[in-house]
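Below is one structure; the comments refer to it alone.
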Amino acid sequence: MVLSKRTVVTISHDLTKAAYSLTLNEKRILLKGAALLDSYGDAGQMIEINAAECAEFYGMNKKSAYRQLAESVERLWDRTLVLQDGTRLRWVISCKYEEGSILLKFHPDLNPHLLDLQSRFTRYLLTRASSFKLVYTWRLFELVMQYKTTGIFRIDLDEFKSTLDIPEFYSGDFARIRVRVIEPAVKEIREKDGLKVTWKPIKKGRSVVALEFKFPVEPQQELFKPATIDKAFIEKHARPGESYAQAEKRLKEEAKKQTD
């Protein structure tokens, strides 16, 4: 399946904040697969990702991309995540790499976190994260996108360490977390996505207990599929002075542009 430059990722807030350990290439594969789910219409199907297109989309080194992707697919079988309620899940129930294609099927219990989400979800264009080289950057970016309409979010330091899967030996040394995780991630978001993120530690006494991130508010642009453009949707989104037919035509054209 062709990887559109308008590929949109939609995941639940619970999944955004889940604890999991993935390499950068494993995350690239899983998020690309998640972005393709709607195109398949059935989460029970095996999703196919063309390895050459995947490598090009993420700007990977052509000489090593196929090997790296194949190795990442092999490791995905053993990868798990832990939701905030303690539920532990595998990401996939089947996966393989063959003849230049990545094939995977998500665990069915992840469907509520990836499909037909109506509330409490994080949505962004995958192209915004495609050039990230640090997995910490990507995870922080997803947290930022969760609050993009407010321009600020605060998170307890312990939750931050769990969500970004920061190594245990960093725990007693906030300076190391700042230098090795936060500052490089913020810098990469600012340089590669252009979002002007700033941050500060929140202290209790002399100890850092939480973090605060600020960034420009982004308007909530509702992404939708043509199938959802029914009478109620058209009436809700019609502009002043616009006829029903005009609104229907405009909304379907906008929906088509988002999938081109």
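By order in the structure tokens, chains are A, B, ...; within a chain, residues start at 1; ligands start at 1, following the order shown.
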Task: Contacts of region 199-204 of chain A at 10 Å (only C-alpha atoms; same-chain gap of 3+ positions) as a ChimeraX atom specification - done: /A:152-157,174,178,182-183,186,207-215
Generate the output file for the selected residues, C-alpha atoms, as an mmCIF file, in the first residue's frame.
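Dumped to again-v9.cif:
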```cif
data_model
loop_
_atom_site.group_PDB
_atom_site.id
_atom_site.type_symbol
_atom_site.label_atom_id
_atom_site.label_comp_id
_atom_site.auth_asym_id
_atom_site.auth_seq_id
_atom_site.Cartn_x
_atom_site.Cartn_y
_atom_site.Cartn_z
ATOM 1 C CA ILE A 152 0.646 23.627 27.963
ATOM 2 C CA PHE A 153 0.896 20.377 29.848
ATOM 3 C CA ARG A 154 2.340 19.317 33.178
ATOM 4 C CA ILE A 155 3.409 15.819 34.056
ATOM 5 C CA ASP A 156 4.772 14.231 37.215
ATOM 6 C CA LEU A 157 8.413 13.309 36.827
ATOM 7 C CA PHE A 174 17.710 14.588 37.101
ATOM 8 C CA ARG A 178 17.723 16.759 31.406
ATOM 9 C CA ILE A 182 14.604 16.346 27.690
ATOM 10 C CA GLU A 183 16.957 18.840 26.063
ATOM 11 C CA VAL A 186 12.920 19.463 22.786
ATOM 12 C CA SER A 207 13.852 18.115 44.265
ATOM 13 C CA VAL A 208 12.277 18.135 40.800
ATOM 14 C CA VAL A 209 8.833 16.520 41.065
ATOM 15 C CA ALA A 210 7.210 17.471 37.770
ATOM 16 C CA LEU A 211 7.789 19.062 34.373
ATOM 17 C CA GLU A 212 5.924 21.790 32.513
ATOM 18 C CA PHE A 213 5.992 22.130 28.734
ATOM 19 C CA LYS A 214 4.660 25.127 26.798
ATOM 20 C CA PHE A 215 4.174 25.542 23.048
#
```
- [ ] For Ala65 (chain A), list every protein, DNA or RNA residue within 10 Å, evaluated using only C-alpha atoms, and leave out those in the same chain fewer than 2 positions away; present the list as a list in words.
- [x] Asn25, Ala51, Ala52, Cys54, Ala55, Glu56, Tyr58, Gly59, Met60, Asn61, Lys62, Lys63, Arg67, Gln68, Leu69, Ala70 and Glu71 of chain A
Open item on the list: Restricting the calculation to only C-alpha atoms: of A:Leu143, A:Leu115, A:Ile47, A:Val179, which residue gets closest to Leu164 (chain A)?
Closed with: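 For Leu164 (chain A), the nearest of the candidates is A:Leu143.
Take the candidates A:Ile177, A:Leu89, A:Leu104, A:Leu76 and check each one against Leu37 (chain A) using only C-alpha atoms; the shortest distance goes to A:Leu104.
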- [ ] With a distance cut-off of 10 Å and only C-alpha atoms, select the neighbouring residues of Thr80 (chain A), excluding the residue or stretch itself and same-chain residues fewer than 4 positions from it, and output the selection as a PyMOL selection string.
- [x] chain A and resi 19-22+76+88-92
Taking N, CA, C and O atoms for each residue, export the selection above as an mmCIF file, in the first residue's frame.
```
data_model
loop_
_atom_site.group_PDB
_atom_site.id
_atom_site.type_symbol
_atom_site.label_atom_id
_atom_site.label_comp_id
_atom_site.auth_asym_id
_atom_site.auth_seq_id
_atom_site.Cartn_x
_atom_site.Cartn_y
_atom_site.Cartn_z
ATOM 1 N N ALA A 19 3.210 2.598 29.082
ATOM 2 C CA ALA A 19 4.638 2.342 29.243
ATOM 3 C C ALA A 19 5.056 1.264 28.258
ATOM 4 O O ALA A 19 4.488 0.175 28.251
ATOM 5 N N TYR A 20 6.000 1.582 27.412
ATOM 6 C CA TYR A 20 6.507 0.568 26.488
ATOM 7 C C TYR A 20 7.911 0.929 26.023
ATOM 8 O O TYR A 20 8.322 2.084 26.072
ATOM 9 N N SER A 21 8.607 -0.095 25.607
ATOM 10 C CA SER A 21 9.981 0.078 25.147
ATOM 11 C C SER A 21 10.077 -0.348 23.691
ATOM 12 O O SER A 21 9.859 -1.515 23.368
ATOM 13 N N LEU A 22 10.353 0.600 22.827
ATOM 14 C CA LEU A 22 10.507 0.316 21.401
ATOM 15 C C LEU A 22 11.741 1.044 20.878
ATOM 16 O O LEU A 22 12.064 2.131 21.343
ATOM 17 N N LEU A 76 9.578 -7.304 17.004
ATOM 18 C CA LEU A 76 8.260 -6.814 17.409
ATOM 19 C C LEU A 76 7.441 -7.868 18.143
ATOM 20 O O LEU A 76 6.607 -7.533 18.992
ATOM 21 N N ARG A 88 -1.258 -5.600 30.543
ATOM 22 C CA ARG A 88 -0.083 -5.836 29.706
ATOM 23 C C ARG A 88 -0.522 -6.503 28.402
ATOM 24 O O ARG A 88 -1.271 -7.480 28.415
ATOM 25 N N LEU A 89 -0.057 -5.971 27.271
ATOM 26 C CA LEU A 89 -0.469 -6.475 25.965
ATOM 27 C C LEU A 89 0.731 -6.607 25.033
ATOM 28 O O LEU A 89 1.690 -5.846 25.135
ATOM 29 N N ARG A 90 0.644 -7.555 24.119
ATOM 30 C CA ARG A 90 1.572 -7.570 22.989
ATOM 31 C C ARG A 90 1.082 -6.543 21.972
ATOM 32 O O ARG A 90 -0.116 -6.294 21.849
ATOM 33 N N TRP A 91 2.003 -5.970 21.225
ATOM 34 C CA TRP A 91 1.620 -5.074 20.144
ATOM 35 C C TRP A 91 0.990 -5.851 18.987
ATOM 36 O O TRP A 91 -0.005 -5.408 18.401
ATOM 37 N N VAL A 92 1.592 -6.969 18.624
ATOM 38 C CA VAL A 92 1.128 -7.708 17.447
ATOM 39 C C VAL A 92 0.888 -9.168 17.794
ATOM 40 O O VAL A 92 1.475 -9.700 18.740
#
```
- [ ] Using only C-alpha atoms, determine which residues lie at most 10 Å from Leu117 (chain A), disregarding the query and same-chain residues fewer than 5 positions distant; provide the list as a VMD selection string.
- [x] chain A and resid 10 to 12 111 to 112 122
Could you take the residues named above and write them with all heavy atoms, as a tab-separated table (two decimals), in the first residue's frame?
```
chain	number	residue	atom	x	y	z
A	10	THR	N	-3.81	8.19	14.59
A	10	THR	CA	-4.77	8.45	15.65
A	10	THR	C	-4.65	7.35	16.69
A	10	THR	O	-4.86	6.18	16.38
A	10	THR	CB	-6.21	8.48	15.11
A	10	THR	OG1	-6.31	9.40	14.03
A	10	THR	CG2	-7.19	8.89	16.21
A	11	ILE	N	-4.30	7.73	17.91
A	11	ILE	CA	-4.17	6.76	19.00
A	11	ILE	C	-4.81	7.32	20.25
A	11	ILE	O	-4.88	8.53	20.43
A	11	ILE	CB	-2.70	6.39	19.27
A	11	ILE	CG1	-1.87	7.63	19.60
A	11	ILE	CG2	-2.09	5.64	18.10
A	11	ILE	CD1	-0.43	7.34	19.93
A	12	SER	N	-5.29	6.44	21.11
A	12	SER	CA	-5.95	6.89	22.33
A	12	SER	C	-4.95	7.54	23.28
A	12	SER	O	-3.75	7.28	23.23
A	12	SER	CB	-6.62	5.70	23.04
A	12	SER	OG	-5.65	4.86	23.64
A	111	ASN	N	-7.54	-2.63	19.44
A	111	ASN	CA	-8.49	-1.98	18.53
A	111	ASN	C	-9.16	-0.75	19.13
A	111	ASN	O	-9.29	0.29	18.47
A	111	ASN	CB	-9.55	-2.98	18.07
A	111	ASN	CG	-8.97	-4.03	17.12
A	111	ASN	OD1	-7.82	-3.93	16.72
A	111	ASN	ND2	-9.76	-5.03	16.79
A	112	PRO	N	-9.63	-0.81	20.40
A	112	PRO	CA	-10.27	0.39	20.97
A	112	PRO	C	-9.33	1.58	21.09
A	112	PRO	O	-9.79	2.71	21.24
A	112	PRO	CB	-10.72	-0.09	22.37
A	112	PRO	CG	-10.79	-1.57	22.27
A	112	PRO	CD	-9.69	-1.96	21.33
A	122	THR	N	-5.17	11.20	20.50
A	122	THR	CA	-4.10	12.04	19.99
A	122	THR	C	-4.01	11.82	18.49
A	122	THR	O	-3.96	10.69	18.04
A	122	THR	CB	-2.75	11.67	20.64
A	122	THR	OG1	-2.87	11.77	22.06
A	122	THR	CG2	-1.64	12.59	20.16
```
Open item on the list: For a quick check of understanding, using only C-alpha atoms, which of A:Leu103, A:Leu81, A:Val135, A:Val144 has the smallest distance to Lys32 (chain A)?
Closed with: A:Leu103
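With CA of His13 (chain A) on one side and CA of Met145 (chain A) on the other, the separation reads 10.2 Å.
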Open item on the list: What parts of region 86-253 of chain A does DSSP call strand (DSSP E or B)? I'd like the answer as a ChimeraX atom specification.
Closed with: /A:88-90,92-98,101-106,121-125,152-156,198-204,207-214
Task: For Met46 (chain A): contacts at 10 Å, only C-alpha atoms, fewer than 5 positions along chain excluded, given as a ChimeraX atom specification - done: /A:33,37,40,93-95,102-106
Let's have the selection written as a PDB file, in the first residue's frame, with all heavy atoms.
```pdb
ATOM      1  N   GLY A  33       1.882   1.302  10.520  1.00  0.00           N
ATOM      2  CA  GLY A  33       0.806   0.323  10.471  1.00  0.00           C
ATOM      3  C   GLY A  33      -0.481   0.869  11.059  1.00  0.00           C
ATOM      4  O   GLY A  33      -1.564   0.673  10.497  1.00  0.00           O
ATOM      5  N   LEU A  37      -4.513   1.520   9.289  1.00  0.00           N
ATOM      6  CA  LEU A  37      -5.639   0.686   9.719  1.00  0.00           C
ATOM      7  C   LEU A  37      -6.954   1.074   9.072  1.00  0.00           C
ATOM      8  O   LEU A  37      -7.720   0.210   8.619  1.00  0.00           O
ATOM      9  CB  LEU A  37      -5.779   0.747  11.241  1.00  0.00           C
ATOM     10  CG  LEU A  37      -4.924  -0.229  12.044  1.00  0.00           C
ATOM     11  CD1 LEU A  37      -5.105   0.036  13.536  1.00  0.00           C
ATOM     12  CD2 LEU A  37      -5.277  -1.667  11.719  1.00  0.00           C
ATOM     13  N   TYR A  40      -7.718  -0.259   5.640  1.00  0.00           N
ATOM     14  CA  TYR A  40      -8.048  -1.668   5.521  1.00  0.00           C
ATOM     15  C   TYR A  40      -9.496  -1.945   5.918  1.00  0.00           C
ATOM     16  O   TYR A  40     -10.104  -2.887   5.430  1.00  0.00           O
ATOM     17  CB  TYR A  40      -7.098  -2.512   6.379  1.00  0.00           C
ATOM     18  CG  TYR A  40      -5.780  -2.769   5.708  1.00  0.00           C
ATOM     19  CD1 TYR A  40      -4.786  -1.790   5.682  1.00  0.00           C
ATOM     20  CD2 TYR A  40      -5.516  -3.971   5.067  1.00  0.00           C
ATOM     21  CE1 TYR A  40      -3.565  -2.010   5.051  1.00  0.00           C
ATOM     22  CE2 TYR A  40      -4.306  -4.208   4.438  1.00  0.00           C
ATOM     23  CZ  TYR A  40      -3.335  -3.217   4.434  1.00  0.00           C
ATOM     24  OH  TYR A  40      -2.141  -3.426   3.795  1.00  0.00           O
ATOM     25  N   ILE A  93       0.006  -9.802  17.026  1.00  0.00           N
ATOM     26  CA  ILE A  93      -0.218 -11.241  17.188  1.00  0.00           C
ATOM     27  C   ILE A  93       0.406 -12.013  16.032  1.00  0.00           C
ATOM     28  O   ILE A  93       0.471 -13.240  16.076  1.00  0.00           O
ATOM     29  CB  ILE A  93      -1.710 -11.582  17.309  1.00  0.00           C
ATOM     30  CG1 ILE A  93      -2.490 -11.074  16.095  1.00  0.00           C
ATOM     31  CG2 ILE A  93      -2.286 -11.004  18.599  1.00  0.00           C
ATOM     32  CD1 ILE A  93      -3.927 -11.551  16.054  1.00  0.00           C
ATOM     33  N   SER A  94       0.863 -11.294  15.010  1.00  0.00           N
ATOM     34  CA  SER A  94       1.640 -11.926  13.947  1.00  0.00           C
ATOM     35  C   SER A  94       2.409 -10.841  13.209  1.00  0.00           C
ATOM     36  O   SER A  94       1.955  -9.708  13.089  1.00  0.00           O
ATOM     37  CB  SER A  94       0.737 -12.689  12.962  1.00  0.00           C
ATOM     38  OG  SER A  94      -0.213 -11.833  12.381  1.00  0.00           O
ATOM     39  N   CYS A  95       3.595 -11.197  12.721  1.00  0.00           N
ATOM     40  CA  CYS A  95       4.402 -10.250  11.968  1.00  0.00           C
ATOM     41  C   CYS A  95       5.499 -11.002  11.236  1.00  0.00           C
ATOM     42  O   CYS A  95       5.978 -12.040  11.706  1.00  0.00           O
ATOM     43  CB  CYS A  95       5.010  -9.175  12.881  1.00  0.00           C
ATOM     44  SG  CYS A  95       6.061  -9.816  14.213  1.00  0.00           S
ATOM     45  N   ILE A 102       6.659  -5.519   4.833  1.00  0.00           N
ATOM     46  CA  ILE A 102       6.467  -5.705   6.267  1.00  0.00           C
ATOM     47  C   ILE A 102       5.015  -6.102   6.467  1.00  0.00           C
ATOM     48  O   ILE A 102       4.103  -5.395   6.029  1.00  0.00           O
ATOM     49  CB  ILE A 102       6.758  -4.399   7.024  1.00  0.00           C
ATOM     50  CG1 ILE A 102       8.210  -3.962   6.791  1.00  0.00           C
ATOM     51  CG2 ILE A 102       6.450  -4.548   8.508  1.00  0.00           C
ATOM     52  CD1 ILE A 102       8.462  -2.515   7.132  1.00  0.00           C
ATOM     53  N   LEU A 103       4.783  -7.228   7.102  1.00  0.00           N
ATOM     54  CA  LEU A 103       3.431  -7.718   7.343  1.00  0.00           C
ATOM     55  C   LEU A 103       3.205  -7.832   8.841  1.00  0.00           C
ATOM     56  O   LEU A 103       4.016  -8.429   9.546  1.00  0.00           O
ATOM     57  CB  LEU A 103       3.233  -9.088   6.681  1.00  0.00           C
ATOM     58  CG  LEU A 103       3.475  -9.140   5.165  1.00  0.00           C
ATOM     59  CD1 LEU A 103       3.518 -10.584   4.683  1.00  0.00           C
ATOM     60  CD2 LEU A 103       2.392  -8.374   4.428  1.00  0.00           C
ATOM     61  N   LEU A 104       2.104  -7.261   9.316  1.00  0.00           N
ATOM     62  CA  LEU A 104       1.819  -7.344  10.752  1.00  0.00           C
ATOM     63  C   LEU A 104       0.318  -7.279  11.012  1.00  0.00           C
ATOM     64  O   LEU A 104      -0.450  -6.735  10.219  1.00  0.00           O
ATOM     65  CB  LEU A 104       2.552  -6.249  11.518  1.00  0.00           C
ATOM     66  CG  LEU A 104       2.210  -4.780  11.226  1.00  0.00           C
ATOM     67  CD1 LEU A 104       1.031  -4.308  12.081  1.00  0.00           C
ATOM     68  CD2 LEU A 104       3.417  -3.891  11.496  1.00  0.00           C
ATOM     69  N   LYS A 105      -0.063  -7.845  12.136  1.00  0.00           N
ATOM     70  CA  LYS A 105      -1.454  -7.800  12.588  1.00  0.00           C
ATOM     71  C   LYS A 105      -1.449  -7.390  14.062  1.00  0.00           C
ATOM     72  O   LYS A 105      -0.821  -8.036  14.892  1.00  0.00           O
ATOM     73  CB  LYS A 105      -2.129  -9.165  12.421  1.00  0.00           C
ATOM     74  CG  LYS A 105      -3.629  -9.149  12.737  1.00  0.00           C
ATOM     75  CD  LYS A 105      -4.218 -10.554  12.660  1.00  0.00           C
ATOM     76  CE  LYS A 105      -4.132 -11.105  11.253  1.00  0.00           C
ATOM     77  NZ  LYS A 105      -4.808 -12.441  11.159  1.00  0.00           N
ATOM     78  N   PHE A 106      -2.140  -6.296  14.373  1.00  0.00           N
ATOM     79  CA  PHE A 106      -2.170  -5.799  15.740  1.00  0.00           C
ATOM     80  C   PHE A 106      -2.957  -6.736  16.653  1.00  0.00           C
ATOM     81  O   PHE A 106      -3.872  -7.445  16.222  1.00  0.00           O
ATOM     82  CB  PHE A 106      -2.813  -4.411  15.796  1.00  0.00           C
ATOM     83  CG  PHE A 106      -1.917  -3.303  15.323  1.00  0.00           C
ATOM     84  CD1 PHE A 106      -2.018  -2.801  14.037  1.00  0.00           C
ATOM     85  CD2 PHE A 106      -0.956  -2.753  16.168  1.00  0.00           C
ATOM     86  CE1 PHE A 106      -1.200  -1.772  13.599  1.00  0.00           C
ATOM     87  CE2 PHE A 106      -0.128  -1.735  15.739  1.00  0.00           C
ATOM     88  CZ  PHE A 106      -0.241  -1.242  14.455  1.00  0.00           C
TER      89      PHE A 106
END
```
Open item on the list: Just to confirm, what's the straight-line distance from CA of Thr137 (chain A) to CA of Thr16 (chain A) in Å (one decimal)?
Closed with: 13.2 Å
TODO: To one decimal in Å, tell me the separation between CA of Asp165 (chain A) and CA of Ser131 (chain A).
DONE: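 Separation between CA of Asp165 (chain A) and CA of Ser131 (chain A): 20.7 Å.
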